[in-house]
Every structure is written in C-alpha cells, then in structure tokens.
file input23.txt (compact mmCIF, N, CA and C atoms)
# COMPACT_ATOMS: atom_id res chain seq x y z
N MET C 1006 70.11 128.46 146.90
CA MET C 1006 71.19 127.99 146.05
C MET C 1006 72.46 128.75 146.43
N LYS C 1007 73.57 128.05 146.43
CA LYS C 1007 74.86 128.66 146.74
C LYS C 1007 75.57 128.95 145.42
N ILE C 1008 75.84 130.23 145.17
CA ILE C 1008 76.33 130.68 143.87
C ILE C 1008 77.70 131.34 144.02
N ALA C 1009 78.68 130.81 143.29
CA ALA C 1009 80.00 131.43 143.21
C ALA C 1009 79.91 132.57 142.20
N ILE C 1010 80.54 133.68 142.51
CA ILE C 1010 80.56 134.81 141.58
C ILE C 1010 81.96 135.40 141.56
N ALA C 1011 82.41 135.75 140.35
CA ALA C 1011 83.74 136.33 140.21
C ALA C 1011 83.79 137.21 138.98
N CYS C 1012 84.73 138.14 139.00
CA CYS C 1012 84.91 139.04 137.87
C CYS C 1012 86.33 139.58 137.88
N ASP C 1013 86.68 140.23 136.78
CA ASP C 1013 87.86 141.06 136.78
C ASP C 1013 87.38 142.51 136.85
N HIS C 1014 88.29 143.44 136.67
CA HIS C 1014 87.92 144.86 136.76
C HIS C 1014 86.84 145.25 135.74
N GLY C 1015 86.78 144.54 134.60
CA GLY C 1015 85.81 144.83 133.56
C GLY C 1015 84.40 144.38 133.88
N GLY C 1016 84.22 143.63 134.94
CA GLY C 1016 82.89 143.14 135.31
C GLY C 1016 82.46 143.53 136.72
N LEU C 1017 83.23 144.39 137.35
CA LEU C 1017 83.00 144.73 138.76
C LEU C 1017 81.62 145.33 139.02
N THR C 1018 81.19 146.25 138.19
CA THR C 1018 79.89 146.89 138.42
C THR C 1018 78.76 145.86 138.39
N TYR C 1019 78.77 144.99 137.38
CA TYR C 1019 77.71 143.98 137.27
C TYR C 1019 77.80 142.95 138.39
N LYS C 1020 79.02 142.61 138.79
CA LYS C 1020 79.15 141.66 139.90
C LYS C 1020 78.50 142.21 141.15
N ASN C 1021 78.74 143.47 141.45
CA ASN C 1021 78.17 144.07 142.65
C ASN C 1021 76.65 144.15 142.56
N ILE C 1022 76.12 144.45 141.39
CA ILE C 1022 74.67 144.46 141.19
C ILE C 1022 74.11 143.06 141.42
N LEU C 1023 74.78 142.05 140.87
CA LEU C 1023 74.30 140.67 141.02
C LEU C 1023 74.36 140.17 142.45
N ILE C 1024 75.38 140.53 143.18
CA ILE C 1024 75.47 140.10 144.58
C ILE C 1024 74.24 140.57 145.35
N LYS C 1025 73.87 141.83 145.18
CA LYS C 1025 72.69 142.35 145.86
C LYS C 1025 71.42 141.67 145.35
N TYR C 1026 71.29 141.55 144.04
CA TYR C 1026 70.11 140.95 143.43
C TYR C 1026 69.90 139.51 143.90
N LEU C 1027 70.96 138.73 143.85
CA LEU C 1027 70.87 137.31 144.25
C LEU C 1027 70.65 137.16 145.75
N SER C 1028 71.28 138.01 146.52
CA SER C 1028 71.07 137.98 147.97
C SER C 1028 69.63 138.34 148.32
N ASP C 1029 69.07 139.31 147.61
CA ASP C 1029 67.66 139.68 147.83
C ASP C 1029 66.72 138.52 147.49
N LEU C 1030 67.14 137.65 146.56
CA LEU C 1030 66.36 136.46 146.22
C LEU C 1030 66.64 135.30 147.17
N ARG C 1031 67.45 135.56 148.20
CA ARG C 1031 67.79 134.60 149.25
C ARG C 1031 68.75 133.50 148.81
N HIS C 1032 69.52 133.78 147.77
CA HIS C 1032 70.60 132.87 147.40
C HIS C 1032 71.81 133.20 148.27
N GLU C 1033 72.62 132.21 148.53
CA GLU C 1033 73.89 132.45 149.21
C GLU C 1033 74.93 132.71 148.14
N VAL C 1034 75.57 133.86 148.18
CA VAL C 1034 76.53 134.26 147.17
C VAL C 1034 77.93 134.23 147.77
N VAL C 1035 78.85 133.54 147.10
CA VAL C 1035 80.24 133.49 147.53
C VAL C 1035 81.04 134.32 146.54
N ASN C 1036 81.61 135.39 147.03
CA ASN C 1036 82.32 136.37 146.20
C ASN C 1036 83.80 136.01 146.11
N PHE C 1037 84.24 135.68 144.89
CA PHE C 1037 85.64 135.36 144.66
C PHE C 1037 86.42 136.54 144.09
N GLY C 1038 85.82 137.73 144.12
CA GLY C 1038 86.52 138.93 143.67
C GLY C 1038 86.45 139.14 142.17
N THR C 1039 87.10 140.11 141.73
CA THR C 1039 87.83 141.18 142.36
C THR C 1039 86.87 142.15 143.03
N ASP C 1040 87.40 142.94 143.91
CA ASP C 1040 86.57 143.91 144.62
C ASP C 1040 87.05 145.33 144.40
N THR C 1041 87.94 145.53 143.44
CA THR C 1041 88.41 146.88 143.12
C THR C 1041 88.38 147.06 141.60
N ALA C 1042 88.46 148.31 141.18
CA ALA C 1042 88.48 148.63 139.75
C ALA C 1042 89.90 148.61 139.19
N ASP C 1043 90.88 148.22 140.01
CA ASP C 1043 92.26 148.15 139.54
C ASP C 1043 92.40 147.05 138.50
N SER C 1044 93.17 147.29 137.48
CA SER C 1044 93.40 146.29 136.44
C SER C 1044 93.92 144.99 137.06
N CYS C 1045 93.34 143.88 136.62
CA CYS C 1045 93.73 142.58 137.16
C CYS C 1045 93.53 141.51 136.09
N ASP C 1046 93.88 140.28 136.41
CA ASP C 1046 93.83 139.19 135.45
C ASP C 1046 92.68 138.24 135.77
N TYR C 1047 91.74 138.09 134.82
CA TYR C 1047 90.53 137.28 135.06
C TYR C 1047 90.80 135.84 135.46
N PRO C 1048 91.88 135.17 134.99
CA PRO C 1048 92.07 133.79 135.45
C PRO C 1048 92.25 133.67 136.96
N ASP C 1049 92.79 134.72 137.59
CA ASP C 1049 93.01 134.69 139.03
C ASP C 1049 91.70 134.60 139.81
N PHE C 1050 90.61 135.01 139.21
CA PHE C 1050 89.31 135.00 139.88
C PHE C 1050 88.41 133.89 139.35
N ALA C 1051 88.54 133.58 138.08
CA ALA C 1051 87.76 132.49 137.48
C ALA C 1051 88.14 131.15 138.12
N LEU C 1052 89.43 130.94 138.35
CA LEU C 1052 89.90 129.65 138.87
C LEU C 1052 89.28 129.28 140.22
N PRO C 1053 89.38 130.10 141.26
CA PRO C 1053 88.79 129.66 142.53
C PRO C 1053 87.27 129.52 142.46
N ALA C 1054 86.60 130.35 141.67
CA ALA C 1054 85.15 130.21 141.54
C ALA C 1054 84.81 128.89 140.86
N ALA C 1055 85.52 128.56 139.79
CA ALA C 1055 85.28 127.31 139.07
C ALA C 1055 85.62 126.11 139.94
N GLU C 1056 86.69 126.20 140.71
CA GLU C 1056 87.04 125.09 141.61
C GLU C 1056 85.95 124.88 142.66
N ALA C 1057 85.35 125.96 143.13
CA ALA C 1057 84.28 125.83 144.12
C ALA C 1057 83.06 125.13 143.52
N VAL C 1058 82.75 125.40 142.26
CA VAL C 1058 81.63 124.74 141.60
C VAL C 1058 81.99 123.28 141.31
N ALA C 1059 83.19 123.05 140.79
CA ALA C 1059 83.61 121.68 140.45
C ALA C 1059 83.65 120.78 141.68
N SER C 1060 84.02 121.32 142.83
CA SER C 1060 84.12 120.52 144.05
C SER C 1060 82.77 120.29 144.72
N GLY C 1061 81.76 121.08 144.31
CA GLY C 1061 80.46 120.99 144.94
C GLY C 1061 80.28 121.95 146.10
N ALA C 1062 81.31 122.74 146.41
CA ALA C 1062 81.18 123.73 147.47
C ALA C 1062 80.14 124.80 147.11
N CYS C 1063 79.99 125.06 145.82
CA CYS C 1063 78.95 125.95 145.31
C CYS C 1063 78.13 125.19 144.28
N ASP C 1064 76.86 125.51 144.18
CA ASP C 1064 75.97 124.82 143.25
C ASP C 1064 76.18 125.23 141.81
N THR C 1065 76.50 126.49 141.60
CA THR C 1065 76.68 127.04 140.26
C THR C 1065 77.54 128.28 140.37
N GLY C 1066 77.88 128.88 139.23
CA GLY C 1066 78.71 130.07 139.26
C GLY C 1066 78.40 131.03 138.14
N ILE C 1067 78.71 132.29 138.40
CA ILE C 1067 78.52 133.37 137.44
C ILE C 1067 79.83 134.13 137.34
N LEU C 1068 80.28 134.34 136.11
CA LEU C 1068 81.55 135.02 135.85
C LEU C 1068 81.32 136.20 134.93
N ILE C 1069 82.03 137.30 135.17
CA ILE C 1069 81.85 138.50 134.37
C ILE C 1069 83.21 139.14 134.10
N CYS C 1070 83.44 139.47 132.85
CA CYS C 1070 84.57 140.32 132.47
C CYS C 1070 84.02 141.29 131.42
N SER C 1071 84.87 141.97 130.70
CA SER C 1071 84.38 142.93 129.71
C SER C 1071 83.54 142.28 128.63
N THR C 1072 84.01 141.12 128.13
CA THR C 1072 83.30 140.42 127.05
C THR C 1072 82.68 139.10 127.50
N GLY C 1073 83.19 138.52 128.57
CA GLY C 1073 82.76 137.20 129.02
C GLY C 1073 83.58 136.08 128.39
N ILE C 1074 84.36 136.39 127.40
CA ILE C 1074 85.08 135.36 126.66
C ILE C 1074 86.26 134.81 127.46
N GLY C 1075 87.17 135.67 127.86
CA GLY C 1075 88.37 135.21 128.55
C GLY C 1075 88.06 134.49 129.85
N ILE C 1076 87.16 135.04 130.62
CA ILE C 1076 86.86 134.45 131.92
C ILE C 1076 86.18 133.08 131.76
N SER C 1077 85.38 132.91 130.70
CA SER C 1077 84.75 131.60 130.46
C SER C 1077 85.78 130.58 129.99
N ILE C 1078 86.73 131.01 129.18
CA ILE C 1078 87.79 130.09 128.74
C ILE C 1078 88.59 129.61 129.95
N ALA C 1079 88.94 130.54 130.84
CA ALA C 1079 89.71 130.17 132.03
C ALA C 1079 88.94 129.16 132.88
N ALA C 1080 87.66 129.42 133.11
CA ALA C 1080 86.86 128.52 133.94
C ALA C 1080 86.76 127.13 133.32
N ASN C 1081 86.65 127.07 132.01
CA ASN C 1081 86.49 125.78 131.33
C ASN C 1081 87.74 124.92 131.35
N LYS C 1082 88.83 125.44 131.85
CA LYS C 1082 90.05 124.64 132.03
C LYS C 1082 89.98 123.77 133.28
N VAL C 1083 89.01 124.05 134.15
CA VAL C 1083 88.85 123.29 135.39
C VAL C 1083 88.02 122.05 135.09
N LYS C 1084 88.54 120.90 135.46
CA LYS C 1084 87.85 119.63 135.23
C LYS C 1084 86.47 119.66 135.86
N GLY C 1085 85.48 119.30 135.08
CA GLY C 1085 84.11 119.24 135.56
C GLY C 1085 83.30 120.50 135.33
N ILE C 1086 83.94 121.52 134.81
CA ILE C 1086 83.23 122.77 134.57
C ILE C 1086 82.74 122.83 133.13
N ARG C 1087 81.47 123.24 133.01
CA ARG C 1087 80.87 123.52 131.72
C ARG C 1087 80.32 124.94 131.83
N CYS C 1088 81.19 125.90 131.51
CA CYS C 1088 80.85 127.31 131.62
C CYS C 1088 80.42 127.82 130.25
N ALA C 1089 79.19 128.28 130.18
CA ALA C 1089 78.64 128.78 128.92
C ALA C 1089 78.77 130.30 128.85
N HIS C 1090 79.22 130.76 127.72
CA HIS C 1090 79.34 132.19 127.45
C HIS C 1090 78.04 132.61 126.77
N CYS C 1091 77.19 133.34 127.48
CA CYS C 1091 75.85 133.68 126.98
C CYS C 1091 75.58 135.17 127.04
N HIS C 1092 74.94 135.66 125.98
CA HIS C 1092 74.51 137.06 125.96
C HIS C 1092 73.04 137.20 125.58
N ASP C 1093 72.29 136.12 125.73
CA ASP C 1093 70.85 136.16 125.48
C ASP C 1093 70.17 135.07 126.30
N THR C 1094 68.88 135.21 126.51
CA THR C 1094 68.15 134.27 127.35
C THR C 1094 67.98 132.91 126.67
N TYR C 1095 67.89 132.88 125.36
CA TYR C 1095 67.74 131.61 124.65
C TYR C 1095 68.96 130.72 124.91
N SER C 1096 70.15 131.28 124.78
CA SER C 1096 71.38 130.52 125.04
C SER C 1096 71.46 130.10 126.50
N ALA C 1097 71.08 130.97 127.40
CA ALA C 1097 71.10 130.64 128.84
C ALA C 1097 70.16 129.48 129.14
N LYS C 1098 69.00 129.48 128.51
CA LYS C 1098 68.03 128.40 128.72
C LYS C 1098 68.56 127.07 128.17
N TYR C 1099 69.04 127.10 126.94
CA TYR C 1099 69.42 125.85 126.30
C TYR C 1099 70.76 125.31 126.77
N THR C 1100 71.61 126.16 127.32
CA THR C 1100 72.84 125.61 127.86
C THR C 1100 72.57 124.83 129.14
N ARG C 1101 71.50 125.16 129.83
CA ARG C 1101 71.08 124.37 130.99
C ARG C 1101 70.32 123.12 130.53
N LEU C 1102 69.35 123.29 129.65
CA LEU C 1102 68.54 122.17 129.19
C LEU C 1102 69.37 121.09 128.51
N HIS C 1103 70.26 121.48 127.62
CA HIS C 1103 70.97 120.52 126.78
C HIS C 1103 72.40 120.24 127.21
N ASN C 1104 73.09 121.23 127.77
CA ASN C 1104 74.50 121.07 128.12
C ASN C 1104 74.75 120.90 129.61
N ASN C 1105 73.72 121.05 130.41
CA ASN C 1105 73.84 121.00 131.86
C ASN C 1105 75.00 121.88 132.35
N ALA C 1106 75.10 123.08 131.77
CA ALA C 1106 76.16 124.01 132.16
C ALA C 1106 76.04 124.29 133.65
N ASN C 1107 77.18 124.33 134.31
CA ASN C 1107 77.18 124.62 135.75
C ASN C 1107 77.72 126.01 136.07
N MET C 1108 78.11 126.74 135.04
CA MET C 1108 78.52 128.13 135.21
C MET C 1108 78.09 128.91 133.97
N ILE C 1109 77.96 130.20 134.13
CA ILE C 1109 77.63 131.09 133.03
C ILE C 1109 78.58 132.27 133.08
N ALA C 1110 78.89 132.81 131.90
CA ALA C 1110 79.74 134.00 131.82
C ALA C 1110 79.15 134.96 130.79
N PHE C 1111 79.34 136.24 131.04
CA PHE C 1111 78.90 137.24 130.08
C PHE C 1111 79.75 138.49 130.26
N GLY C 1112 79.60 139.42 129.32
CA GLY C 1112 80.41 140.62 129.31
C GLY C 1112 79.65 141.87 129.70
N GLN C 1113 80.21 142.61 130.63
CA GLN C 1113 79.60 143.85 131.09
C GLN C 1113 79.55 144.89 129.97
N LYS C 1114 80.49 144.83 129.03
CA LYS C 1114 80.49 145.80 127.94
C LYS C 1114 79.62 145.35 126.77
N ILE C 1115 79.00 144.18 126.88
CA ILE C 1115 78.25 143.60 125.78
C ILE C 1115 76.74 143.70 125.99
N ILE C 1116 76.29 143.49 127.22
CA ILE C 1116 74.84 143.47 127.49
C ILE C 1116 74.47 144.53 128.52
N GLY C 1117 73.21 144.92 128.50
CA GLY C 1117 72.70 145.87 129.48
C GLY C 1117 72.34 145.18 130.78
N GLU C 1118 72.15 145.98 131.80
CA GLU C 1118 71.87 145.44 133.13
C GLU C 1118 70.57 144.63 133.17
N GLY C 1119 69.53 145.13 132.53
CA GLY C 1119 68.25 144.41 132.53
C GLY C 1119 68.36 143.05 131.87
N LEU C 1120 69.04 143.00 130.74
CA LEU C 1120 69.24 141.72 130.05
C LEU C 1120 70.08 140.78 130.89
N MET C 1121 71.09 141.33 131.57
CA MET C 1121 71.91 140.49 132.44
C MET C 1121 71.04 139.78 133.48
N LEU C 1122 70.14 140.51 134.11
CA LEU C 1122 69.29 139.92 135.13
C LEU C 1122 68.36 138.87 134.54
N GLU C 1123 67.85 139.10 133.33
CA GLU C 1123 67.00 138.11 132.66
C GLU C 1123 67.80 136.84 132.34
N ILE C 1124 69.03 137.01 131.88
CA ILE C 1124 69.89 135.86 131.57
C ILE C 1124 70.16 135.05 132.83
N VAL C 1125 70.50 135.72 133.91
CA VAL C 1125 70.78 135.03 135.18
C VAL C 1125 69.54 134.30 135.67
N ASP C 1126 68.39 134.96 135.64
CA ASP C 1126 67.15 134.30 136.06
C ASP C 1126 66.85 133.07 135.22
N THR C 1127 67.01 133.20 133.92
CA THR C 1127 66.75 132.07 133.02
C THR C 1127 67.70 130.92 133.33
N PHE C 1128 68.96 131.21 133.48
CA PHE C 1128 69.97 130.19 133.78
C PHE C 1128 69.66 129.48 135.10
N LEU C 1129 69.37 130.24 136.14
CA LEU C 1129 69.15 129.67 137.46
C LEU C 1129 67.84 128.90 137.57
N ASN C 1130 66.87 129.25 136.76
CA ASN C 1130 65.54 128.64 136.87
C ASN C 1130 65.26 127.58 135.81
N THR C 1131 66.28 127.17 135.07
CA THR C 1131 66.12 126.13 134.06
C THR C 1131 66.90 124.91 134.51
N GLY C 1132 66.27 123.75 134.41
CA GLY C 1132 66.92 122.50 134.79
C GLY C 1132 67.44 121.74 133.58
N PHE C 1133 68.21 120.73 133.85
CA PHE C 1133 68.78 119.87 132.81
C PHE C 1133 67.71 118.91 132.32
N GLU C 1134 67.58 118.82 131.01
CA GLU C 1134 66.57 117.96 130.39
C GLU C 1134 66.93 116.48 130.47
N GLY C 1135 68.21 116.17 130.50
CA GLY C 1135 68.64 114.77 130.58
C GLY C 1135 68.41 114.04 129.26
N GLY C 1136 68.06 112.76 129.36
CA GLY C 1136 67.81 111.96 128.17
C GLY C 1136 69.01 111.89 127.25
N ARG C 1137 68.77 112.11 125.97
CA ARG C 1137 69.83 112.03 124.97
C ARG C 1137 70.97 113.02 125.25
N HIS C 1138 70.66 114.08 125.98
CA HIS C 1138 71.68 115.08 126.29
C HIS C 1138 72.70 114.56 127.30
N GLN C 1139 72.29 113.65 128.17
CA GLN C 1139 73.23 113.07 129.13
C GLN C 1139 74.33 112.31 128.40
N ARG C 1140 73.98 111.62 127.35
CA ARG C 1140 74.97 110.88 126.55
C ARG C 1140 76.04 111.85 126.03
N ARG C 1141 75.62 113.02 125.63
CA ARG C 1141 76.56 114.02 125.10
C ARG C 1141 77.44 114.60 126.20
N ILE C 1142 76.85 114.83 127.36
CA ILE C 1142 77.62 115.30 128.51
C ILE C 1142 78.66 114.25 128.91
N ASP C 1143 78.27 112.99 128.87
CA ASP C 1143 79.20 111.91 129.19
C ASP C 1143 80.37 111.90 128.20
N LYS C 1144 80.10 112.17 126.95
CA LYS C 1144 81.18 112.22 125.94
C LYS C 1144 82.11 113.41 126.19
N ILE C 1145 81.54 114.52 126.59
CA ILE C 1145 82.38 115.68 126.94
C ILE C 1145 83.27 115.32 128.13
N SER C 1146 82.71 114.66 129.12
CA SER C 1146 83.48 114.25 130.30
C SER C 1146 84.59 113.29 129.93
N ALA C 1147 84.33 112.39 128.98
CA ALA C 1147 85.36 111.44 128.52
C ALA C 1147 86.49 112.18 127.83
N ILE C 1148 86.17 113.17 127.03
CA ILE C 1148 87.21 113.98 126.37
C ILE C 1148 88.08 114.65 127.44
N GLU C 1149 87.42 115.22 128.42
CA GLU C 1149 88.12 115.90 129.51
C GLU C 1149 89.04 114.93 130.26
N LYS C 1150 88.55 113.73 130.52
CA LYS C 1150 89.33 112.74 131.26
C LYS C 1150 90.56 112.30 130.48
N ASN C 1151 90.45 112.21 129.17
CA ASN C 1151 91.53 111.68 128.34
C ASN C 1151 92.51 112.72 127.84
N ASN C 1152 92.29 113.96 128.17
CA ASN C 1152 93.19 115.02 127.65
C ASN C 1152 93.71 115.90 128.76
call {"tool": "encode", "arguments": {"input": "input23.txt", "output": "structure tokens"}}
result
Amino acid sequence: MKIAIACDHGGLTYKNILIKYLSDLRHEVVNFGTDTADSCDYPDFALPAAEAVASGACDTGILICSTGIGISIAANKVKGIRCAHCHDTYSAKYTRLHNNANMIAFGQKIIGEGLMLEIVDTFLNTGFEGGRHQRRIDKISAIEKNN
C-alpha cells in the first residue's frame, strides 16, 4: 500500500516512528514533511498529502499534529478527502467500515505510541462495508460538489 504521511512540528516524533514501522511492513511511505522540530503550520503539510490521496497517487494517508484536530480539518478541505480524527481503535475501525475514510489523523500529545500503532493497524486492515453506507458517502460527495 502507498501511504502519504505528514505532520507539523507537534507530530514529528510519531511520524518518524510510523515511517519506520510502515516501511518494515513493506508499505511504500511518501513523506510530505515536516522533517524538523521547528515551529511550522500544519496546513502546509496536510494539503499536499491530502492532494496525493485525492488524486490516487497514494492509497491512503496518515496525519499527525499535537491534537490531530487542526491537521484533519485542513485535509478535509480537499475535495474527495474523508479524513477521520481518531484516538481509539473502535473509531479507526468504524470510520473505514462506515465512512470509507481515506485518511486518518491523531495527536501525538493525546495518545501513546502503542495505541497509535494499534490505531494505524486497525485503520489499514479494515475495509469499507459498502451497502447502505455507500448511499451516505454519496450524499457527502454531493454536499462537497455543491459547496
């Protein structure tokens, strides 16, 4: 799987851990930065990662900032992106099953490293259930198209 990954300075440690973890699992990881601990703005990194997922250049994406909130909001401004802000495995599972989320975001200051890896594994290994949920995704897409 080809995975876009991005963070601001508040998510740098977890991003670097995830790059190694995902690479060890033989995923192709595309790093959209940041690569320093210098203060920076999360939209600058969320945007190119989200565009890569929306265009199909990457299969999915993972975003990290201090809380996961700002970076997920920025990503969700990109047409075709359904970025879920998750801090538990239940949400990670059901955002794939029911919402067909194509990106996930979380906060480095909110969850521990072990939980982060469990959330990522759950997200990556859960498929979209389809059925009645597709109708809802279609309605979300219609809202996006009309606004």
call {"tool": "closest_residue", "arguments": {"input": "input23.txt", "among": "C:Cys1063, C:Leu1129, C:Leu1122, C:Phe1037", "to": "C:Leu1023", "atoms": "only N, CA and C atoms"}}
result
C:Leu1122
call {"tool": "atom_distance", "arguments": {"input": "input23.txt", "atom1": "atom CA of C:Ser1071", "atom2": "atom C of C:Gly1016"}}
result
7.3 Å
call {"tool": "closest_residue", "arguments": {"input": "input23.txt", "among": "C:Glu1056, C:Asp1013, C:Asp1064, C:Asp1126", "to": "C:Leu1027", "atoms": "only C-alpha atoms"}}
result
C:Asp1126
call {"tool": "residues_around", "arguments": {"input": "input23.txt", "residues": "C:Gly1135", "least_positions_apart": "3", "cutoff": "7 Å", "atoms": "all atoms listed in the file", "output": "list in words"}}
result
Leu1102, His1103, Gly1132, His1138, Gln1139 and Arg1140 of chain C
call {"tool": "closest_residue", "arguments": {"input": "input23.txt", "among": "C:Glu1123, C:Asp1143, C:Glu1149, C:Asp1046", "to": "C:Ala1011", "atoms": "only C-alpha atoms"}}
result
C:Asp1046
call {"tool": "select_by_dssp", "arguments": {"input": "input23.txt", "residues": "stretch 1037-1132 of chain C", "states": "alpha helix (DSSP H)", "output": "MDAnalysis selection string"}}
result
chainID C and resid 1048:1060 1074:1080 1094:1102 1118:1129
call {"tool": "atom_distance", "arguments": {"input": "input23.txt", "atom1": "atom N of C:Tyr1095", "atom2": "atom CA of C:Ile1116"}}
result
12.8 Å
call {"tool": "residues_near_point", "arguments": {"input": "input23.txt", "point": "(68.4, 135.1, 131.6)", "cutoff": "8 Å", "atoms": "all atoms listed in the file", "output": "MDAnalysis selection string"}}
result
chainID C and resid 1092:1098 1119:1130
call {"tool": "atom_distance", "arguments": {"input": "input23.txt", "atom1": "atom CA of C:Ala1009", "atom2": "atom CA of C:Gly1066"}}
result
4.4 Å
call {"tool": "residues_near_point", "arguments": {"input": "input23.txt", "point": "(84.0, 128.4, 144.0)", "cutoff": "8 Å", "atoms": "only N, CA and C atoms", "output": "VMD selection string"}}
result
chain C and resid 1008 to 1010 1035 to 1037 1051 to 1066
call {"tool": "closest_residue", "arguments": {"input": "input23.txt", "among": "C:Lys1020, C:Lys1144, C:Arg1101, C:Lys1150", "to": "C:Gly1085", "atoms": "all atoms listed in the file"}}
result
C:Lys1150
call {"tool": "closest_residue", "arguments": {"input": "input23.txt", "among": "C:Asn1107, C:Tyr1047, C:Ile1086, C:Gln1113", "to": "C:Gly1073", "atoms": "all atoms listed in the file"}}
result
C:Gln1113
call {"tool": "closest_residue", "arguments": {"input": "input23.txt", "among": "C:Ile1145, C:Ile1069, C:Ala1042, C:Ile1115", "to": "C:Arg1087", "atoms": "only C-alpha atoms"}}
result
C:Ile1145
call {"tool": "select_by_dssp", "arguments": {"input": "input23.txt", "residues": "chain C", "states": "strand (DSSP E or B)", "output": "JSON list (two decimals) with N, CA and C atoms, keeping the file's coordinate frame"}}
result
[["chain", "number", "residue", "atom", "x", "y", "z"],
["C", 1007, "LYS", "N", 73.57, 128.05, 146.43],
["C", 1007, "LYS", "CA", 74.86, 128.66, 146.74],
["C", 1007, "LYS", "C", 75.57, 128.95, 145.42],
["C", 1008, "ILE", "N", 75.84, 130.23, 145.17],
["C", 1008, "ILE", "CA", 76.33, 130.68, 143.87],
["C", 1008, "ILE", "C", 77.70, 131.34, 144.02],
["C", 1009, "ALA", "N", 78.68, 130.81, 143.29],
["C", 1009, "ALA", "CA", 80.00, 131.43, 143.21],
["C", 1009, "ALA", "C", 79.91, 132.57, 142.20],
["C", 1010, "ILE", "N", 80.54, 133.68, 142.51],
["C", 1010, "ILE", "CA", 80.56, 134.81, 141.58],
["C", 1010, "ILE", "C", 81.96, 135.40, 141.56],
["C", 1011, "ALA", "N", 82.41, 135.75, 140.35],
["C", 1011, "ALA", "CA", 83.74, 136.33, 140.21],
["C", 1011, "ALA", "C", 83.79, 137.21, 138.98],
["C", 1012, "CYS", "N", 84.73, 138.14, 139.00],
["C", 1012, "CYS", "CA", 84.91, 139.04, 137.87],
["C", 1012, "CYS", "C", 86.33, 139.58, 137.88],
["C", 1033, "GLU", "N", 72.62, 132.21, 148.53],
["C", 1033, "GLU", "CA", 73.89, 132.45, 149.21],
["C", 1033, "GLU", "C", 74.93, 132.71, 148.14],
["C", 1034, "VAL", "N", 75.57, 133.86, 148.18],
["C", 1034, "VAL", "CA", 76.53, 134.26, 147.17],
["C", 1034, "VAL", "C", 77.93, 134.23, 147.77],
["C", 1035, "VAL", "N", 78.85, 133.54, 147.10],
["C", 1035, "VAL", "CA", 80.24, 133.49, 147.53],
["C", 1035, "VAL", "C", 81.04, 134.32, 146.54],
["C", 1036, "ASN", "N", 81.61, 135.39, 147.03],
["C", 1036, "ASN", "CA", 82.32, 136.37, 146.20],
["C", 1036, "ASN", "C", 83.80, 136.01, 146.11],
["C", 1065, "THR", "N", 76.50, 126.49, 141.60],
["C", 1065, "THR", "CA", 76.68, 127.04, 140.26],
["C", 1065, "THR", "C", 77.54, 128.28, 140.37],
["C", 1066, "GLY", "N", 77.88, 128.88, 139.23],
["C", 1066, "GLY", "CA", 78.71, 130.07, 139.26],
["C", 1066, "GLY", "C", 78.40, 131.03, 138.14],
["C", 1067, "ILE", "N", 78.71, 132.29, 138.40],
["C", 1067, "ILE", "CA", 78.52, 133.37, 137.44],
["C", 1067, "ILE", "C", 79.83, 134.13, 137.34],
["C", 1068, "LEU", "N", 80.28, 134.34, 136.11],
["C", 1068, "LEU", "CA", 81.55, 135.02, 135.85],
["C", 1068, "LEU", "C", 81.32, 136.20, 134.93],
["C", 1069, "ILE", "N", 82.03, 137.30, 135.17],
["C", 1069, "ILE", "CA", 81.85, 138.50, 134.37],
["C", 1069, "ILE", "C", 83.21, 139.14, 134.10],
["C", 1070, "CYS", "N", 83.44, 139.47, 132.85],
["C", 1070, "CYS", "CA", 84.57, 140.32, 132.47],
["C", 1070, "CYS", "C", 84.02, 141.29, 131.42],
["C", 1088, "CYS", "N", 81.19, 125.90, 131.51],
["C", 1088, "CYS", "CA", 80.85, 127.31, 131.62],
["C", 1088, "CYS", "C", 80.42, 127.82, 130.25],
["C", 1089, "ALA", "N", 79.19, 128.28, 130.18],
["C", 1089, "ALA", "CA", 78.64, 128.78, 128.92],
["C", 1089, "ALA", "C", 78.77, 130.30, 128.85],
["C", 1090, "HIS", "N", 79.22, 130.76, 127.72],
["C", 1090, "HIS", "CA", 79.34, 132.19, 127.45],
["C", 1090, "HIS", "C", 78.04, 132.61, 126.77],
["C", 1108, "MET", "N", 78.11, 126.74, 135.04],
["C", 1108, "MET", "CA", 78.52, 128.13, 135.21],
["C", 1108, "MET", "C", 78.09, 128.91, 133.97],
["C", 1109, "ILE", "N", 77.96, 130.20, 134.13],
["C", 1109, "ILE", "CA", 77.63, 131.09, 133.03],
["C", 1109, "ILE", "C", 78.58, 132.27, 133.08],
["C", 1110, "ALA", "N", 78.89, 132.81, 131.90],
["C", 1110, "ALA", "CA", 79.74, 134.00, 131.82],
["C", 1110, "ALA", "C", 79.15, 134.96, 130.79],
["C", 1111, "PHE", "N", 79.34, 136.24, 131.04],
["C", 1111, "PHE", "CA", 78.90, 137.24, 130.08],
["C", 1111, "PHE", "C", 79.75, 138.49, 130.26],
["C", 1112, "GLY", "N", 79.60, 139.42, 129.32],
["C", 1112, "GLY", "CA", 80.41, 140.62, 129.31],
["C", 1112, "GLY", "C", 79.65, 141.87, 129.70]]
call {"tool": "residues_around", "arguments": {"input": "input23.txt", "residues": "C:Ile1109", "least_positions_apart": "2", "cutoff": "5 Å", "atoms": "all atoms listed in the file", "output": "JSON, numbers by chain"}}
result
{"C": [1066, 1067, 1068, 1088, 1089, 1107, 1111]}
